[in-house]
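Visitor: Here you go, coords25.tsv (TSV, N, CA and C atoms):
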chain	number	residue	atom	x	y	z
M	1	MET	N	-6.64	-13.35	-10.28
M	1	MET	CA	-7.32	-12.09	-10.08
M	1	MET	C	-6.30	-10.97	-10.24
M	2	ALA	N	-6.59	-10.03	-11.10
M	2	ALA	CA	-5.69	-8.90	-11.32
M	2	ALA	C	-5.87	-7.89	-10.19
M	3	LEU	N	-4.73	-7.37	-9.74
M	3	LEU	CA	-4.79	-6.39	-8.67
M	3	LEU	C	-5.30	-5.06	-9.20
M	4	SER	N	-6.05	-4.36	-8.37
M	4	SER	CA	-6.51	-3.02	-8.72
M	4	SER	C	-5.31	-2.10	-8.81
M	5	PRO	N	-5.41	-1.09	-9.64
M	5	PRO	CA	-4.30	-0.14	-9.71
M	5	PRO	C	-4.16	0.62	-8.41
M	6	HIS	N	-2.92	0.94	-8.06
M	6	HIS	CA	-2.67	1.77	-6.88
M	6	HIS	C	-3.27	3.15	-7.12
M	7	LEU	N	-3.92	3.70	-6.12
M	7	LEU	CA	-4.51	5.03	-6.23
M	7	LEU	C	-3.86	5.97	-5.23
M	8	GLY	N	-3.29	7.05	-5.73
M	8	GLY	CA	-2.73	8.07	-4.85
M	8	GLY	C	-3.82	8.93	-4.27
M	9	ASP	N	-3.45	9.76	-3.30
M	9	ASP	CA	-4.43	10.62	-2.62
M	9	ASP	C	-5.15	11.55	-3.60
M	10	LEU	N	-4.40	12.16	-4.51
M	10	LEU	CA	-5.02	13.06	-5.48
M	10	LEU	C	-5.96	12.30	-6.41
M	11	GLU	N	-5.57	11.11	-6.82
M	11	GLU	CA	-6.43	10.31	-7.70
M	11	GLU	C	-7.74	9.97	-7.00
M	12	VAL	N	-7.68	9.67	-5.71
M	12	VAL	CA	-8.90	9.39	-4.95
M	12	VAL	C	-9.78	10.64	-4.89
M	13	LYS	N	-9.17	11.80	-4.66
M	13	LYS	CA	-9.95	13.05	-4.61
M	13	LYS	C	-10.61	13.33	-5.96
M	14	VAL	N	-9.90	13.07	-7.04
M	14	VAL	CA	-10.46	13.28	-8.38
M	14	VAL	C	-11.63	12.33	-8.61
M	15	LEU	N	-11.46	11.06	-8.25
M	15	LEU	CA	-12.57	10.11	-8.39
M	15	LEU	C	-13.77	10.54	-7.56
M	16	GLU	N	-13.52	10.98	-6.33
M	16	GLU	CA	-14.62	11.44	-5.47
M	16	GLU	C	-15.38	12.58	-6.15
M	17	TYR	N	-14.64	13.51	-6.75
M	17	TYR	CA	-15.29	14.62	-7.46
M	17	TYR	C	-16.16	14.08	-8.60
M	18	LEU	N	-15.62	13.16	-9.40
M	18	LEU	CA	-16.36	12.65	-10.55
M	18	LEU	C	-17.56	11.81	-10.12
M	19	TRP	N	-17.46	11.09	-9.03
M	19	TRP	CA	-18.63	10.34	-8.54
M	19	TRP	C	-19.72	11.30	-8.08
M	20	GLU	N	-19.32	12.40	-7.49
M	20	GLU	CA	-20.31	13.37	-7.00
M	20	GLU	C	-20.93	14.18	-8.12
M	21	HIS	N	-20.13	14.55	-9.13
M	21	HIS	CA	-20.60	15.44	-10.20
M	21	HIS	C	-20.87	14.74	-11.52
M	22	SER	N	-20.61	13.47	-11.61
M	22	SER	CA	-20.82	12.61	-12.77
M	22	SER	C	-19.84	12.85	-13.93
M	23	GLN	N	-19.33	14.04	-14.07
M	23	GLN	CA	-18.31	14.30	-15.09
M	23	GLN	C	-17.57	15.57	-14.74
M	24	GLY	N	-16.43	15.78	-15.40
M	24	GLY	CA	-15.69	17.00	-15.14
M	24	GLY	C	-14.49	17.16	-16.06
M	25	THR	N	-14.02	18.38	-16.14
M	25	THR	CA	-12.80	18.71	-16.90
M	25	THR	C	-11.68	18.96	-15.89
M	26	ALA	N	-10.47	19.06	-16.40
M	26	ALA	CA	-9.35	19.37	-15.51
M	26	ALA	C	-9.61	20.68	-14.78
M	27	LYS	N	-10.17	21.64	-15.50
M	27	LYS	CA	-10.45	22.95	-14.89
M	27	LYS	C	-11.49	22.86	-13.78
M	28	SER	N	-12.60	22.14	-14.03
M	28	SER	CA	-13.65	22.05	-13.01
M	28	SER	C	-13.18	21.27	-11.78
M	29	VAL	N	-12.41	20.21	-12.00
M	29	VAL	CA	-11.87	19.45	-10.86
M	29	VAL	C	-10.90	20.33	-10.09
M	30	HIS	N	-10.04	21.04	-10.81
M	30	HIS	CA	-9.06	21.92	-10.17
M	30	HIS	C	-9.76	22.99	-9.32
M	31	GLU	N	-10.81	23.60	-9.85
M	31	GLU	CA	-11.53	24.63	-9.10
M	31	GLU	C	-12.04	24.10	-7.77
M	32	GLN	N	-12.48	22.85	-7.77
M	32	GLN	CA	-13.00	22.25	-6.54
M	32	GLN	C	-11.88	21.89	-5.56
M	33	LEU	N	-10.78	21.36	-6.08
M	33	LEU	CA	-9.73	20.84	-5.21
M	33	LEU	C	-8.68	21.88	-4.82
M	34	SER	N	-8.58	22.97	-5.55
M	34	SER	CA	-7.49	23.92	-5.32
M	34	SER	C	-7.59	24.64	-3.97
M	35	ASP	N	-8.78	24.73	-3.39
M	35	ASP	CA	-8.92	25.38	-2.09
M	35	ASP	C	-8.26	24.57	-0.98
M	36	GLU	N	-8.39	23.25	-1.06
M	36	GLU	CA	-7.83	22.42	0.00
M	36	GLU	C	-6.41	21.93	-0.31
M	37	ARG	N	-6.04	21.94	-1.59
M	37	ARG	CA	-4.71	21.50	-2.01
M	37	ARG	C	-4.13	22.56	-2.93
M	38	LYS	N	-2.93	22.96	-2.67
M	38	LYS	CA	-2.27	23.96	-3.51
M	38	LYS	C	-1.64	23.23	-4.71
M	39	ILE	N	-2.45	23.01	-5.74
M	39	ILE	CA	-2.02	22.29	-6.93
M	39	ILE	C	-2.40	23.07	-8.17
M	40	SER	N	-1.72	22.77	-9.25
M	40	SER	CA	-2.00	23.46	-10.52
M	40	SER	C	-2.99	22.64	-11.35
M	41	VAL	N	-3.52	23.28	-12.37
M	41	VAL	CA	-4.41	22.59	-13.31
M	41	VAL	C	-3.63	21.45	-13.98
M	42	ASN	N	-2.35	21.68	-14.26
M	42	ASN	CA	-1.53	20.63	-14.89
M	42	ASN	C	-1.42	19.39	-14.01
M	43	THR	N	-1.33	19.58	-12.71
M	43	THR	CA	-1.26	18.45	-11.78
M	43	THR	C	-2.56	17.66	-11.82
M	44	VAL	N	-3.67	18.36	-11.85
M	44	VAL	CA	-4.99	17.70	-11.94
M	44	VAL	C	-5.10	16.97	-13.27
M	45	GLN	N	-4.65	17.61	-14.35
M	45	GLN	CA	-4.70	16.98	-15.67
M	45	GLN	C	-3.88	15.70	-15.67
M	46	SER	N	-2.73	15.71	-15.02
M	46	SER	CA	-1.89	14.50	-14.94
M	46	SER	C	-2.60	13.39	-14.17
M	47	ALA	N	-3.28	13.74	-13.09
M	47	ALA	CA	-4.03	12.74	-12.31
M	47	ALA	C	-5.16	12.16	-13.15
M	48	LEU	N	-5.87	13.01	-13.88
M	48	LEU	CA	-6.94	12.53	-14.76
M	48	LEU	C	-6.39	11.59	-15.83
M	49	GLU	N	-5.26	11.94	-16.40
M	49	GLU	CA	-4.64	11.10	-17.42
M	49	GLU	C	-4.22	9.74	-16.84
M	50	ARG	N	-3.66	9.75	-15.64
M	50	ARG	CA	-3.28	8.48	-14.99
M	50	ARG	C	-4.50	7.60	-14.75
M	51	LEU	N	-5.58	8.20	-14.27
M	51	LEU	CA	-6.82	7.44	-14.03
M	51	LEU	C	-7.40	6.92	-15.34
M	52	TYR	N	-7.29	7.69	-16.40
M	52	TYR	CA	-7.74	7.24	-17.72
M	52	TYR	C	-6.91	6.04	-18.18
M	53	ARG	N	-5.60	6.11	-18.01
M	53	ARG	CA	-4.72	5.00	-18.41
M	53	ARG	C	-4.93	3.76	-17.54
M	54	LYS	N	-5.41	3.95	-16.34
M	54	LYS	CA	-5.72	2.82	-15.45
M	54	LYS	C	-7.12	2.26	-15.73
M	55	ASN	N	-7.76	2.77	-16.77
M	55	ASN	CA	-9.10	2.34	-17.17
M	55	ASN	C	-10.17	2.60	-16.12
M	56	LEU	N	-9.98	3.65	-15.34
M	56	LEU	CA	-10.98	4.02	-14.35
M	56	LEU	C	-11.86	5.17	-14.84
M	57	LEU	N	-11.41	5.86	-15.91
M	57	LEU	CA	-12.16	6.97	-16.47
M	57	LEU	C	-12.32	6.79	-17.98
M	58	SER	N	-13.40	7.35	-18.49
M	58	SER	CA	-13.54	7.53	-19.94
M	58	SER	C	-13.41	9.03	-20.18
M	59	ARG	N	-13.19	9.39	-21.44
M	59	ARG	CA	-13.09	10.81	-21.75
M	59	ARG	C	-13.57	11.06	-23.17
M	60	ARG	N	-14.06	12.26	-23.37
M	60	ARG	CA	-14.45	12.67	-24.72
M	60	ARG	C	-13.98	14.11	-24.90
M	61	LYS	N	-13.55	14.36	-26.11
M	61	LYS	CA	-13.01	15.69	-26.45
M	61	LYS	C	-14.16	16.66	-26.69
M	62	GLN	N	-14.07	17.82	-26.07
M	62	GLN	CA	-15.02	18.89	-26.34
M	62	GLN	C	-14.22	20.18	-26.45
M	63	SER	N	-14.21	20.73	-27.63
M	63	SER	CA	-13.42	21.92	-27.93
M	63	SER	C	-11.95	21.62	-27.67
M	64	HIS	N	-11.34	22.32	-26.72
M	64	HIS	CA	-9.91	22.13	-26.46
M	64	HIS	C	-9.63	21.34	-25.19
M	65	SER	N	-10.63	20.71	-24.64
M	65	SER	CA	-10.41	19.96	-23.40
M	65	SER	C	-11.16	18.64	-23.42
M	66	TYR	N	-10.81	17.78	-22.48
M	66	TYR	CA	-11.50	16.51	-22.32
M	66	TYR	C	-12.51	16.62	-21.20
M	67	ILE	N	-13.61	15.92	-21.38
M	67	ILE	CA	-14.59	15.75	-20.29
M	67	ILE	C	-14.46	14.30	-19.83
M	68	TYR	N	-14.19	14.14	-18.54
M	68	TYR	CA	-13.94	12.82	-17.96
M	68	TYR	C	-15.16	12.32	-17.19
M	69	THR	N	-15.35	11.01	-17.22
M	69	THR	CA	-16.43	10.34	-16.49
M	69	THR	C	-15.85	9.08	-15.86
M	70	ALA	N	-16.27	8.79	-14.63
M	70	ALA	CA	-15.82	7.56	-13.98
M	70	ALA	C	-16.47	6.36	-14.66
M	71	LEU	N	-15.69	5.32	-14.90
M	71	LEU	CA	-16.22	4.11	-15.53
M	71	LEU	C	-16.81	3.13	-14.53
M	72	ALA	N	-16.42	3.22	-13.29
M	72	ALA	CA	-16.91	2.30	-12.26
M	72	ALA	C	-17.46	3.12	-11.09
M	73	SER	N	-18.44	2.55	-10.41
M	73	SER	CA	-19.01	3.21	-9.24
M	73	SER	C	-18.02	3.15	-8.07
M	74	LYS	N	-18.26	4.00	-7.11
M	74	LYS	CA	-17.43	3.99	-5.90
M	74	LYS	C	-17.51	2.63	-5.22
M	75	GLN	N	-18.71	2.06	-5.17
M	75	GLN	CA	-18.90	0.75	-4.56
M	75	GLN	C	-18.07	-0.32	-5.27
M	76	ALA	N	-18.05	-0.28	-6.59
M	76	ALA	CA	-17.30	-1.28	-7.36
M	76	ALA	C	-15.79	-1.13	-7.13
M	77	VAL	N	-15.31	0.12	-7.11
M	77	VAL	CA	-13.87	0.34	-6.89
M	77	VAL	C	-13.47	-0.10	-5.49
M	78	LEU	N	-14.25	0.30	-4.49
M	78	LEU	CA	-13.94	-0.11	-3.11
M	78	LEU	C	-13.99	-1.63	-2.97
M	79	GLY	N	-15.00	-2.24	-3.56
M	79	GLY	CA	-15.12	-3.70	-3.49
M	79	GLY	C	-13.92	-4.39	-4.10
M	80	GLN	N	-13.46	-3.91	-5.26
M	80	GLN	CA	-12.30	-4.51	-5.91
M	80	GLN	C	-11.03	-4.31	-5.08
M	81	LEU	N	-10.88	-3.13	-4.49
M	81	LEU	CA	-9.70	-2.88	-3.64
M	81	LEU	C	-9.69	-3.81	-2.43
M	82	ILE	N	-10.86	-4.00	-1.82
M	82	ILE	CA	-10.94	-4.91	-0.67
M	82	ILE	C	-10.66	-6.35	-1.08
M	83	ASN	N	-11.25	-6.79	-2.20
M	83	ASN	CA	-10.99	-8.14	-2.69
M	83	ASN	C	-9.53	-8.36	-2.99
M	84	ASP	N	-8.91	-7.38	-3.63
M	84	ASP	CA	-7.49	-7.50	-3.95
M	84	ASP	C	-6.63	-7.57	-2.70
M	85	MET	N	-6.95	-6.75	-1.71
M	85	MET	CA	-6.18	-6.76	-0.47
M	85	MET	C	-6.31	-8.11	0.24
M	86	LEU	N	-7.53	-8.63	0.31
M	86	LEU	CA	-7.72	-9.94	0.93
M	86	LEU	C	-6.97	-11.02	0.16
M	87	GLY	N	-6.99	-10.94	-1.15
M	87	GLY	CA	-6.30	-11.92	-1.98
M	87	GLY	C	-4.80	-11.89	-1.83
M	88	ARG	N	-4.24	-10.73	-1.53
M	88	ARG	CA	-2.78	-10.61	-1.37
M	88	ARG	C	-2.28	-11.36	-0.15
M	89	PHE	N	-3.13	-11.57	0.84
M	89	PHE	CA	-2.70	-12.24	2.07
M	89	PHE	C	-2.94	-13.74	2.05
M	90	HIS	N	-3.55	-14.26	1.01
M	90	HIS	CA	-3.79	-15.70	0.86
M	90	HIS	C	-4.39	-16.30	2.13
M	91	SER	N	-5.37	-15.61	2.69
M	91	SER	CA	-6.02	-16.08	3.91
M	91	SER	C	-7.14	-17.04	3.56
M	92	ASP	N	-7.56	-17.80	4.57
M	92	ASP	CA	-8.71	-18.67	4.36
M	92	ASP	C	-10.00	-17.86	4.50
M	93	THR	N	-11.10	-18.48	4.16
M	93	THR	CA	-12.39	-17.78	4.14
M	93	THR	C	-12.75	-17.24	5.52
M	94	GLU	N	-12.54	-18.03	6.57
M	94	GLU	CA	-12.88	-17.59	7.92
M	94	GLU	C	-12.14	-16.32	8.31
M	95	LEU	N	-10.86	-16.29	8.00
M	95	LEU	CA	-10.05	-15.12	8.34
M	95	LEU	C	-10.50	-13.90	7.53
M	96	ASN	N	-10.82	-14.11	6.26
M	96	ASN	CA	-11.30	-13.00	5.43
M	96	ASN	C	-12.61	-12.44	5.97
M	97	VAL	N	-13.53	-13.30	6.35
M	97	VAL	CA	-14.81	-12.84	6.90
M	97	VAL	C	-14.58	-12.08	8.20
M	98	ALA	N	-13.70	-12.58	9.05
M	98	ALA	CA	-13.40	-11.89	10.30
M	98	ALA	C	-12.82	-10.50	10.03
M	99	ALA	N	-11.97	-10.39	9.02
M	99	ALA	CA	-11.39	-9.09	8.67
M	99	ALA	C	-12.47	-8.13	8.20
M	100	ILE	N	-13.42	-8.62	7.40
M	100	ILE	CA	-14.50	-7.78	6.89
M	100	ILE	C	-15.39	-7.30	8.05
M	101	VAL	N	-15.71	-8.20	8.96
M	101	VAL	CA	-16.53	-7.83	10.12
M	101	VAL	C	-15.79	-6.82	10.99
M	102	ASN	N	-14.49	-7.03	11.21
M	102	ASN	CA	-13.70	-6.07	11.99
M	102	ASN	C	-13.70	-4.70	11.34
M	103	ALA	N	-13.57	-4.68	10.01
M	103	ALA	CA	-13.57	-3.40	9.30
M	103	ALA	C	-14.92	-2.71	9.46
M	104	ALA	N	-16.01	-3.46	9.30
M	104	ALA	CA	-17.35	-2.88	9.46
M	104	ALA	C	-17.55	-2.38	10.89
M	105	GLU	N	-17.10	-3.16	11.85
M	105	GLU	CA	-17.26	-2.80	13.25
M	105	GLU	C	-16.48	-1.53	13.60
M	106	SER	N	-15.32	-1.33	12.95
M	106	SER	CA	-14.51	-0.15	13.25
M	106	SER	C	-15.16	1.12	12.70
M	107	ILE	N	-16.08	0.98	11.75
M	107	ILE	CA	-16.79	2.15	11.23
M	107	ILE	C	-17.81	2.60	12.27
M	108	ASP	N	-18.80	1.76	12.55
M	108	ASP	CA	-19.78	2.00	13.60
M	108	ASP	C	-20.79	0.86	13.61
M	109	GLN	N	-21.68	0.88	14.57
M	109	GLN	CA	-22.69	-0.17	14.70
M	109	GLN	C	-23.61	-0.20	13.49
M	110	LYS	N	-23.91	0.96	12.92
M	110	LYS	CA	-24.77	1.01	11.75
M	110	LYS	C	-24.17	0.21	10.60
M	111	ALA	N	-22.84	0.25	10.44
M	111	ALA	CA	-22.18	-0.51	9.36
M	111	ALA	C	-22.40	-2.00	9.55
M	112	LEU	N	-22.33	-2.46	10.79
M	112	LEU	CA	-22.59	-3.88	11.06
M	112	LEU	C	-24.04	-4.23	10.73
M	113	ASP	N	-24.97	-3.34	11.08
M	113	ASP	CA	-26.39	-3.57	10.77
M	113	ASP	C	-26.61	-3.65	9.26
M	114	ILE	N	-25.96	-2.75	8.52
M	114	ILE	CA	-26.08	-2.74	7.06
M	114	ILE	C	-25.50	-4.03	6.49
M	115	LEU	N	-24.34	-4.45	7.00
M	115	LEU	CA	-23.71	-5.68	6.54
M	115	LEU	C	-24.63	-6.88	6.79
M	116	GLU	N	-25.23	-6.92	7.96
M	116	GLU	CA	-26.14	-8.01	8.30
M	116	GLU	C	-27.35	-8.02	7.36
M	117	ALA	N	-27.93	-6.85	7.11
M	117	ALA	CA	-29.08	-6.76	6.22
M	117	ALA	C	-28.71	-7.17	4.79
M	118	GLU	N	-27.54	-6.79	4.34
M	118	GLU	CA	-27.09	-7.13	2.98
M	118	GLU	C	-26.87	-8.64	2.85
M	119	ILE	N	-26.32	-9.25	3.88
M	119	ILE	CA	-26.14	-10.71	3.87
M	119	ILE	C	-27.49	-11.41	3.79
M	120	GLU	N	-28.45	-10.95	4.58
M	120	GLU	CA	-29.80	-11.54	4.56
M	120	GLU	C	-30.45	-11.38	3.20
M	121	ARG	N	-30.31	-10.18	2.60
M	121	ARG	CA	-30.90	-9.93	1.29
M	121	ARG	C	-30.31	-10.88	0.25
M	122	ARG	N	-29.02	-11.03	0.28
M	122	ARG	CA	-28.36	-11.90	-0.72
M	122	ARG	C	-28.69	-13.37	-0.51
M	123	ARG	N	-28.85	-13.76	0.76
M	123	ARG	CA	-29.25	-15.14	1.04
M	123	ARG	C	-30.66	-15.40	0.51
M	124	SER	N	-31.56	-14.45	0.73
M	124	SER	CA	-32.94	-14.65	0.26
M	124	SER	C	-33.02	-14.64	-1.26
M	125	GLU	N	-32.18	-13.84	-1.92
M	125	GLU	CA	-32.14	-13.86	-3.39
M	125	GLU	C	-31.64	-15.21	-3.91
M	126	GLY	N	-30.72	-15.80	-3.18
M	126	GLY	CA	-30.16	-17.09	-3.58
M	126	GLY	C	-31.15	-18.23	-3.42
M	127	ASN	N	-32.13	-18.06	-2.53
M	127	ASN	CA	-33.11	-19.10	-2.28
M	127	ASN	C	-34.32	-19.01	-3.20
M	128	GLU	N	-34.36	-17.96	-4.01
M	128	GLU	CA	-35.54	-17.80	-4.90
M	128	GLU	C	-35.40	-18.62	-6.15
The structure given in the file should be rewritten as structure tokens.

Guide:
Amino acid sequence: MALSPHLGDLEVKVLEYLWEHSQGTAKSVHEQLSDERKISVNTVQSALERLYRKNLLSRRKQSHSYIYTALASKQAVLGQLINDMLGRFHSDTELNVAAIVNAAESIDQKALDILEAEIERRRSEGNE
């Protein structure tokens, strides 16, 4: 299993923007992020380029700039990061499940309820 690429804080913020807006340019991402982070358009462009090279974004040229789109959903990226982290520790299945339940429990009770419902749904799909 190949490990997911490391994601820095700015790269995560850029991905969050693209998941919310479906696409963006360096300028549009910068306009959104510059209020909370004192960064330049060039810094945002570098983050977009890194994400593109990590195969997390696609891009198409429009006039003098690129329009970027996320290639994977937030759920897929988070799932891969969790799988990779569990795989790095070479734990057994029981320990991995316990870690997942602990993580869900640390979010809130609703997360445990959602996890339980998702397990039931997948079990019923497997029995069809």

Visitor: Which of range 15-96 of chain M counts as alpha helix (DSSP H) under DSSP, as a VMD selection string please?

Guide: chain M and resid 15 to 21 26 to 33 41 to 53 74 to 88 93 to 96

Visitor: With a distance cut-off of 8 Å and only C-alpha atoms, select the neighbouring residues of Leu18 in chain M, excluding the residue or stretch itself and same-chain residues fewer than 5 positions from it, and output the selection as a ChimeraX atom specification.

Guide: /M:23-24,68-70

Visitor: As an NGL selection string, list the residues of chain M assigned to strand (DSSP E) by DSSP on the backbone atoms of this structure.

Guide: :M and (57-62 or 65-70)

Visitor: Rounded to one decimal, what separation in Å do you get between atom C of Ile114 in chain M and CA of Ile100 in chain M?

Guide: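 Separation between atom C of Ile114 in chain M and CA of Ile100 in chain M: 11.6 Å.
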
Visitor: Hey, what's within 6.5 Å of range 39-52 of chain M if we count only N, CA and C atoms and toss same-chain stuff fewer than 5 positions away? As number ranges by chain, please?

Guide: M: 10-11, 26-27, 30, 33-34, 57-58

Visitor: Which value, in Å to one decimal, gives the distance between CA of Leu115 in chain M and atom C of Ser22 in chain M?

Guide: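 According to the coordinates, CA of Leu115 in chain M and atom C of Ser22 in chain M are separated by 27.9 Å.
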
Visitor: Build an axis-aligned box that encloses every atom of range 17-35 of chain M listed in the file, pad it by 6 Å on each side, and report its centre and edge lengths in Å to one decimal, as AutoDock Vina command-line options.

Guide:
--center_x -14.2 --center_y 17.9 --center_z -8.9 --size_x 25.4 --size_y 27.0 --size_z 27.9

Visitor: For each of M:Gln75, M:His64, M:Asp113, M:Arg37, take the minimum atom-to-atom distance to Trp19 in chain M, counting only C-alpha atoms, then give the residue where this is smallest.

Guide: M:Gln75

Visitor: Could you jot down the CA of Leu56 in chain M to CA of Ser73 in chain M separation for me, Å, one decimal place?

Guide: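 For CA of Leu56 in chain M relative to CA of Ser73 in chain M, the distance reads 9.6 Å.
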
Visitor: In terms of the shortest atom-to-atom distance over only C-alpha atoms, which of M:Leu15, M:Ser124, M:Ser28, M:Asp108 is closest to Ile67 in chain M?

Guide: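 Of M:Leu15, M:Ser124, M:Ser28, M:Asp108, the one nearest Ile67 in chain M, counting only C-alpha atoms, is M:Ser28.
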
Visitor: So which one's closest to Asn55 in chain M, M:Pro5, M:Met85, M:Glu20, M:Ala117? Using only C-alpha atoms, please.

Guide: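 Of the candidates, the smallest distance to Asn55 in chain M is held by M:Pro5.
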